[in-house]
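Q: So that you have it, the file is input.cif, and it contains mmCIF, C-alpha atoms:
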data_data
#
loop_
_atom_site.label_atom_id
_atom_site.label_comp_id
_atom_site.auth_asym_id
_atom_site.auth_seq_id
_atom_site.Cartn_x
_atom_site.Cartn_y
_atom_site.Cartn_z
CA MET A 629 -80.89 34.70 -33.98
CA ALA A 630 -81.21 34.32 -37.74
CA ALA A 631 -78.82 31.93 -39.48
CA MET A 632 -75.92 33.27 -41.51
CA GLU A 633 -76.51 33.86 -45.18
CA LEU A 634 -74.26 31.70 -47.37
CA ILE A 635 -73.66 32.85 -50.93
CA ALA A 636 -71.90 30.50 -53.35
CA ARG A 637 -70.56 31.06 -56.83
CA SER A 638 -68.54 28.96 -59.25
CA VAL A 639 -65.61 30.95 -60.65
CA GLY A 640 -62.58 30.40 -62.84
CA PRO A 641 -61.85 27.88 -65.58
CA TRP A 642 -61.69 24.74 -63.36
CA PRO A 643 -64.23 25.82 -61.86
CA MET A 644 -63.81 26.58 -58.13
CA ASN A 645 -66.46 27.26 -55.49
CA THR A 646 -66.09 30.56 -53.68
CA TYR A 647 -68.29 31.49 -50.73
CA ALA A 648 -69.40 34.54 -48.78
CA LEU A 649 -70.94 34.42 -45.31
CA VAL A 650 -73.09 37.30 -44.15
CA CYS A 651 -74.49 38.08 -40.71
CA PRO A 652 -78.12 38.98 -41.45
CA ASP A 653 -78.36 41.30 -38.46
CA THR A 654 -75.22 43.43 -38.90
CA ARG A 655 -74.59 42.76 -42.63
CA GLU A 656 -70.92 42.08 -41.89
CA SER A 657 -69.46 39.60 -44.37
CA VAL A 658 -66.40 37.50 -45.10
CA LEU A 659 -65.20 36.20 -48.47
CA PHE A 660 -63.61 32.77 -48.83
CA ASP A 661 -61.11 31.79 -51.54
CA PRO A 662 -61.19 34.60 -54.13
CA GLY A 663 -60.14 32.35 -56.99
CA ALA A 664 -61.15 34.38 -60.04
CA ASP A 665 -63.74 36.77 -61.52
CA PRO A 666 -63.39 39.79 -59.19
CA ASP A 667 -66.63 41.36 -60.42
CA THR A 668 -68.56 38.23 -59.47
CA LEU A 669 -66.87 38.21 -56.06
CA ALA A 670 -67.79 41.86 -55.52
CA GLN A 671 -71.42 41.14 -56.43
CA MET A 672 -71.52 38.43 -53.77
CA LEU A 673 -70.70 41.08 -51.18
CA ALA A 674 -73.19 43.68 -52.41
CA ASP A 675 -75.15 45.38 -49.62
CA THR A 676 -72.76 44.00 -46.98
CA THR A 677 -69.80 45.32 -45.01
CA PRO A 678 -66.83 43.03 -45.76
CA ILE A 679 -64.52 42.54 -42.78
CA ALA A 680 -62.07 39.90 -44.03
CA ILE A 681 -60.86 37.63 -46.80
CA ILE A 682 -60.32 34.07 -45.55
CA LEU A 683 -58.39 31.30 -47.31
CA THR A 684 -59.05 27.60 -46.94
CA HIS A 685 -55.65 27.06 -48.63
CA THR A 686 -53.26 28.62 -51.14
CA HIS A 687 -53.50 26.57 -54.32
CA ALA A 688 -53.54 28.86 -57.35
CA ASP A 689 -57.16 28.22 -58.30
CA HIS A 690 -58.27 29.49 -54.87
CA ILE A 691 -56.25 32.73 -54.79
CA GLY A 692 -56.18 33.92 -58.39
CA ALA A 693 -58.11 37.12 -57.61
CA LEU A 694 -56.67 37.61 -54.12
CA ASP A 695 -54.52 40.64 -54.90
CA THR A 696 -57.35 42.35 -56.76
CA MET A 697 -59.87 41.74 -54.00
CA ARG A 698 -57.48 42.91 -51.30
CA ARG A 699 -57.12 46.20 -53.15
CA ARG A 700 -60.86 46.50 -53.70
CA LEU A 701 -61.99 45.60 -50.20
CA ASN A 702 -59.06 46.83 -48.09
CA VAL A 703 -59.78 44.22 -45.40
CA PRO A 704 -57.50 41.85 -43.46
CA LEU A 705 -56.37 38.55 -44.97
CA LEU A 706 -56.78 35.52 -42.69
CA ALA A 707 -54.97 32.25 -43.43
CA HIS A 708 -52.91 29.42 -42.00
CA PRO A 709 -49.18 30.24 -41.52
CA GLY A 710 -48.13 27.58 -44.00
CA PRO A 711 -45.98 26.36 -45.61
CA HIS A 712 -47.96 27.60 -48.57
CA SER A 713 -48.26 26.34 -52.12
CA GLN A 714 -45.04 26.75 -54.14
CA ASP A 715 -43.39 28.53 -51.19
CA LEU A 716 -45.72 31.47 -51.63
CA GLU A 717 -44.99 34.40 -49.32
CA LEU A 718 -48.51 35.29 -48.24
CA PRO A 719 -49.11 38.77 -46.78
CA THR A 720 -51.37 37.48 -44.00
CA ASP A 721 -52.83 39.97 -41.53
CA ARG A 722 -54.07 37.36 -39.08
CA ILE A 723 -52.71 33.82 -38.77
CA LEU A 724 -55.29 31.11 -38.17
CA LEU A 725 -54.53 27.96 -36.20
CA ASP A 726 -56.62 24.96 -35.24
CA GLY A 727 -59.45 25.98 -32.94
CA ASP A 728 -59.22 29.70 -33.65
CA ARG A 729 -62.48 31.64 -33.89
CA ILE A 730 -63.55 34.48 -36.16
CA GLN A 731 -66.40 36.80 -35.25
CA VAL A 732 -68.65 37.89 -38.11
CA GLY A 733 -71.37 40.12 -36.78
CA ARG A 734 -73.30 38.08 -34.22
CA HIS A 735 -71.94 34.78 -35.52
CA THR A 736 -68.73 32.86 -34.93
CA LEU A 737 -66.66 30.67 -37.25
CA LYS A 738 -64.34 27.99 -35.89
CA ALA A 739 -61.21 26.91 -37.77
CA SER A 740 -60.18 23.25 -37.97
CA TYR A 741 -56.74 22.40 -39.33
CA THR A 742 -57.14 19.66 -41.95
CA PRO A 743 -53.81 19.04 -43.75
CA GLY A 744 -53.17 16.40 -46.39
CA HIS A 745 -54.18 17.88 -49.73
CA ILE A 746 -51.85 20.75 -48.82
CA PRO A 747 -50.11 21.68 -45.54
CA ASP A 748 -52.04 24.94 -45.03
CA MET A 749 -55.59 23.60 -45.36
CA ILE A 750 -58.28 24.84 -42.95
CA CYS A 751 -62.01 24.11 -42.68
CA PHE A 752 -64.44 26.61 -41.19
CA ALA A 753 -67.55 25.61 -39.25
CA ILE A 754 -70.31 28.05 -38.40
CA GLU A 755 -70.88 27.59 -34.69
CA ASP A 756 -74.43 26.60 -33.67
CA ASP A 757 -75.06 25.72 -37.32
CA GLN A 758 -74.60 22.58 -39.39
CA ARG A 759 -72.63 24.16 -42.26
CA VAL A 760 -68.87 23.75 -42.77
CA ILE A 761 -66.73 25.29 -45.53
CA VAL A 762 -64.26 22.48 -46.22
CA GLY A 763 -62.12 23.73 -49.12
CA ASP A 764 -60.39 20.80 -50.83
CA THR A 765 -60.20 18.67 -47.67
CA ILE A 766 -63.06 16.45 -48.75
CA PHE A 767 -65.44 16.15 -51.70
CA ALA A 768 -68.60 14.16 -52.32
CA GLY A 769 -66.54 11.61 -54.24
CA GLY A 770 -63.34 11.38 -52.22
CA PRO A 771 -60.60 13.28 -50.40
CA GLY A 772 -58.49 16.03 -51.94
CA ARG A 773 -55.71 14.89 -54.27
CA THR A 774 -52.31 14.23 -52.69
CA TRP A 775 -48.84 14.49 -54.21
CA SER A 776 -46.89 12.09 -51.99
CA ALA A 777 -47.42 8.98 -49.87
CA ALA A 778 -46.71 11.06 -46.76
CA ASP A 779 -49.42 13.56 -47.73
CA PHE A 780 -51.89 10.73 -48.28
CA LYS A 781 -51.15 9.34 -44.81
CA THR A 782 -51.75 12.82 -43.43
CA THR A 783 -55.09 12.89 -45.26
CA LEU A 784 -56.08 9.60 -43.62
CA GLU A 785 -55.22 11.04 -40.21
CA THR A 786 -57.25 14.17 -40.96
CA LEU A 787 -60.25 12.09 -42.02
CA ARG A 788 -59.99 9.87 -38.96
CA ASN A 789 -59.23 12.50 -36.33
CA VAL A 790 -61.07 15.56 -37.61
CA VAL A 791 -63.68 14.99 -40.31
CA LEU A 792 -65.20 11.83 -38.86
CA THR A 793 -65.65 13.57 -35.49
CA TRP A 794 -68.15 15.97 -37.06
CA PRO A 795 -71.87 15.15 -36.67
CA ASP A 796 -73.82 13.38 -39.38
CA ASP A 797 -75.85 16.51 -40.08
CA ALA A 798 -72.73 18.55 -40.95
CA VAL A 799 -73.31 20.00 -44.41
CA CYS A 800 -70.02 20.35 -46.26
CA TYR A 801 -69.35 23.12 -48.79
CA PRO A 802 -66.29 22.04 -50.82
CA GLY A 803 -63.92 23.91 -53.08
CA HIS A 804 -65.15 21.98 -56.10
CA GLY A 805 -68.33 20.06 -56.88
CA PRO A 806 -71.62 19.70 -55.01
CA VAL A 807 -72.54 20.30 -51.41
CA PHE A 808 -73.06 17.11 -49.38
CA ARG A 809 -74.17 15.90 -45.95
CA LEU A 810 -71.43 14.12 -44.02
CA GLY A 811 -73.73 11.45 -42.64
CA ASP A 812 -74.54 10.30 -46.17
CA LEU A 813 -70.83 9.52 -46.71
CA ARG A 814 -69.80 8.36 -43.24
CA ALA A 815 -69.85 4.62 -43.96
CA ALA A 816 -67.86 5.09 -47.17
CA ILE A 817 -65.29 7.35 -45.48
CA GLU A 818 -64.87 4.93 -42.57
CA ALA A 819 -64.30 2.07 -45.01
CA PHE A 820 -61.82 4.19 -46.97
CA VAL A 821 -59.83 5.04 -43.85
CA ALA A 822 -59.77 1.38 -42.76
CA ARG A 823 -58.65 0.07 -46.17
CA ASP A 824 -55.05 -0.94 -46.86
CA HIS A 825 -53.95 1.44 -49.60
CA GLY A 826 -50.34 0.23 -49.60
CA PRO A 827 -47.23 2.15 -48.52
CA ASP A 828 -46.81 4.28 -51.64
CA PHE A 829 -50.34 5.28 -52.63
CA HIS A 830 -51.13 8.93 -53.39
CA GLY A 831 -52.88 11.00 -56.02
CA ASP A 832 -56.59 11.04 -56.79
CA ALA A 833 -58.76 8.71 -54.72
CA GLU A 834 -62.44 7.83 -54.54
CA TRP A 835 -64.46 6.49 -51.66
#
Just dump the structure as structure tokens.
A:
Amino acid sequence: MAAMELIARSVGPWPMNTYALVCPDTRESVLFDPGADPDTLAQMLADTTPIAIILTHTHADHIGALDTMRRRLNVPLLAHPGPHSQDLELPTDRILLDGDRIQVGRHTLKASYTPGHIPDMICFAIEDDQRVIVGDTIFAGGPGRTWSAADFKTTLETLRNVVLTWPDDAVCYPGHGPVFRLGDLRAAIEAFVARDHGPDFHGDAEW
């Protein structure tokens, strides 16, 4: 079976990475994190049959074009139940929890709940494939920013109990910045998790 096609574009003023996954056999597709630039998002889905919009999380830069794309595509919205950013009431059609699976043509995506940066964060691994869409859970240079000491402790737990359980050949596609191979960062992440950051640390962090 041919591997899923992964289409990536950088959209919005920040910018933010948005992704589409396409089953090459059926041409069914899903769109992740419609942050901005609806015309660019639509081009990513050209010659495919979109079946869903999926959110890694609900920060504004990841959902700026959500309403427009829902109208254009008329497909279900899949996301974690929250709480969402700024108490957003999200019109979700299917709630995603840890371990849930999404069928896209002949391929399957598996959701992993990865809170810390925000309480509704999910990563999506392509089963029988090395690629993982990680949102703002983890970047090449560090974990996603946190806004409280409690959130940072949650991030450490997510790194320890979820991210570091992935294989070295996992290729991570983040919400910002370059793609990276987890094995290339494993030693740095392990050292980061083991470090004493103090009881009050939060904010931006680097490996």
Q: Determine, counting only C-alpha atoms, which protein, DNA and RNA residues have an atom within 10 Å of an atom of Leu694 in chain A; residues of the same chain fewer than 3 positions away are not included. Present the result as number ranges by chain.
A: A: 660-664, 666, 681-683, 688, 690-691, 697-700, 705
Q: On this structure, which residues satisfy the PyMOL selection byres ((chain A and resi 805-811) around 8), written as a PDB file with C-alpha atoms, in the coordinates of the input?
A:
ATOM      1  CA  ASN A 645     -66.460  27.260 -55.490  1.00  0.00           C
ATOM      2  CA  PHE A 767     -65.440  16.150 -51.700  1.00  0.00           C
ATOM      3  CA  ALA A 768     -68.600  14.160 -52.320  1.00  0.00           C
ATOM      4  CA  TRP A 794     -68.150  15.970 -37.060  1.00  0.00           C
ATOM      5  CA  PRO A 795     -71.870  15.150 -36.670  1.00  0.00           C
ATOM      6  CA  ASP A 796     -73.820  13.380 -39.380  1.00  0.00           C
ATOM      7  CA  ASP A 797     -75.850  16.510 -40.080  1.00  0.00           C
ATOM      8  CA  ALA A 798     -72.730  18.550 -40.950  1.00  0.00           C
ATOM      9  CA  VAL A 799     -73.310  20.000 -44.410  1.00  0.00           C
ATOM     10  CA  CYS A 800     -70.020  20.350 -46.260  1.00  0.00           C
ATOM     11  CA  TYR A 801     -69.350  23.120 -48.790  1.00  0.00           C
ATOM     12  CA  PRO A 802     -66.290  22.040 -50.820  1.00  0.00           C
ATOM     13  CA  GLY A 803     -63.920  23.910 -53.080  1.00  0.00           C
ATOM     14  CA  HIS A 804     -65.150  21.980 -56.100  1.00  0.00           C
ATOM     15  CA  ASP A 812     -74.540  10.300 -46.170  1.00  0.00           C
ATOM     16  CA  LEU A 813     -70.830   9.520 -46.710  1.00  0.00           C
ATOM     17  CA  ARG A 814     -69.800   8.360 -43.240  1.00  0.00           C
ATOM     18  CA  ALA A 815     -69.850   4.620 -43.960  1.00  0.00           C
TER      19      ALA A 815
END
Q: What is the CA of Asp832 in chain A-CA of Arg637 in chain A distance in Å, reported with one decimal?
A: 24.4 Å
Q: Env of Pro711 in chain A: 12 Å cut, atoms = only C-alpha atoms, seq-sep filter 6 positions within chain, self excluded. Answer as a list in words.
A: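 Counting only C-alpha atoms, the residues come to His685, Thr686, His687, Glu717, Leu718, Pro743, Ile746, Pro747, Asp748 and Met749 of chain A.
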Q: Show which residues sit within 7 Å of Thr765 in chain A, as a VMD selection string. Count only C-alpha atoms, and ignore same-chain residues fewer than 6 positions away.
A: chain A and resid 742 745 771 to 772
Q: What separation in Å, quoted to one decimal, exists between CA of Leu649 in chain A and CA of Glu755 in chain A?
A: 12.6 Å
Q: I'd like the interatomic distance between CA of Val658 in chain A and CA of Thr676 in chain A, to a tenth of an Å.
A: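 Spanning CA of Val658 in chain A to CA of Thr676 in chain A is a straight-line distance of 9.3 Å.
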Q: Padding 3 Å on each side, edges along x, y and z: where is the centre of the box around the listed atoms of range 723-735 of chain A, and how long are its edges in Å to one decimal? Output it as lines of an AutoDock Vina configuration file.
A:
center_x = -63.0
center_y = 32.5
center_z = -35.9
size_x = 26.6
size_y = 21.2
size_z = 11.8
Q: Do you know which residues are at most 7 Å from Trp835 in chain A counting only C-alpha atoms, after dropping those on the same chain fewer than 2 positions away, and could you put them as a ChimeraX atom specification?
A: /A:769-770,816-817,820,833
Q: Pick the closest to His825 in chain A from A:Val760, A:Ile635, A:Ala693, A:Leu784: which is it, counting only C-alpha atoms?
A: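 Looking at the shortest contact to His825 in chain A, the residue is A:Leu784.
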Q: Got a sec to resolve the PyMOL selection byres ((chain A and resi 741) around 6) on this structure and send the residues as an MDAnalysis selection string?
A: chainID A and resid 726 740 742 750
Q: On this structure, which residues satisfy the PyMOL selection byres ((chain A and resi 721) around 8), written as a ChimeraX atom specification?
A: /A:704-706,719-720,722-723
Q: Kindly indicate which residue among A:Met644, A:Leu724, A:Val732, A:Leu716 lies nearest to Thr677 in chain A, using only C-alpha atoms for the distances.
A: A:Val732
Q: Give the answer as one residue: which of A:Asp728, A:Glu834, A:Asp667, A:Glu633 has the shortest atom-to-atom distance to Thr654 in chain A, using all atoms listed in the file?
A: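 Under the stated criterion, the closest residue is A:Glu633.
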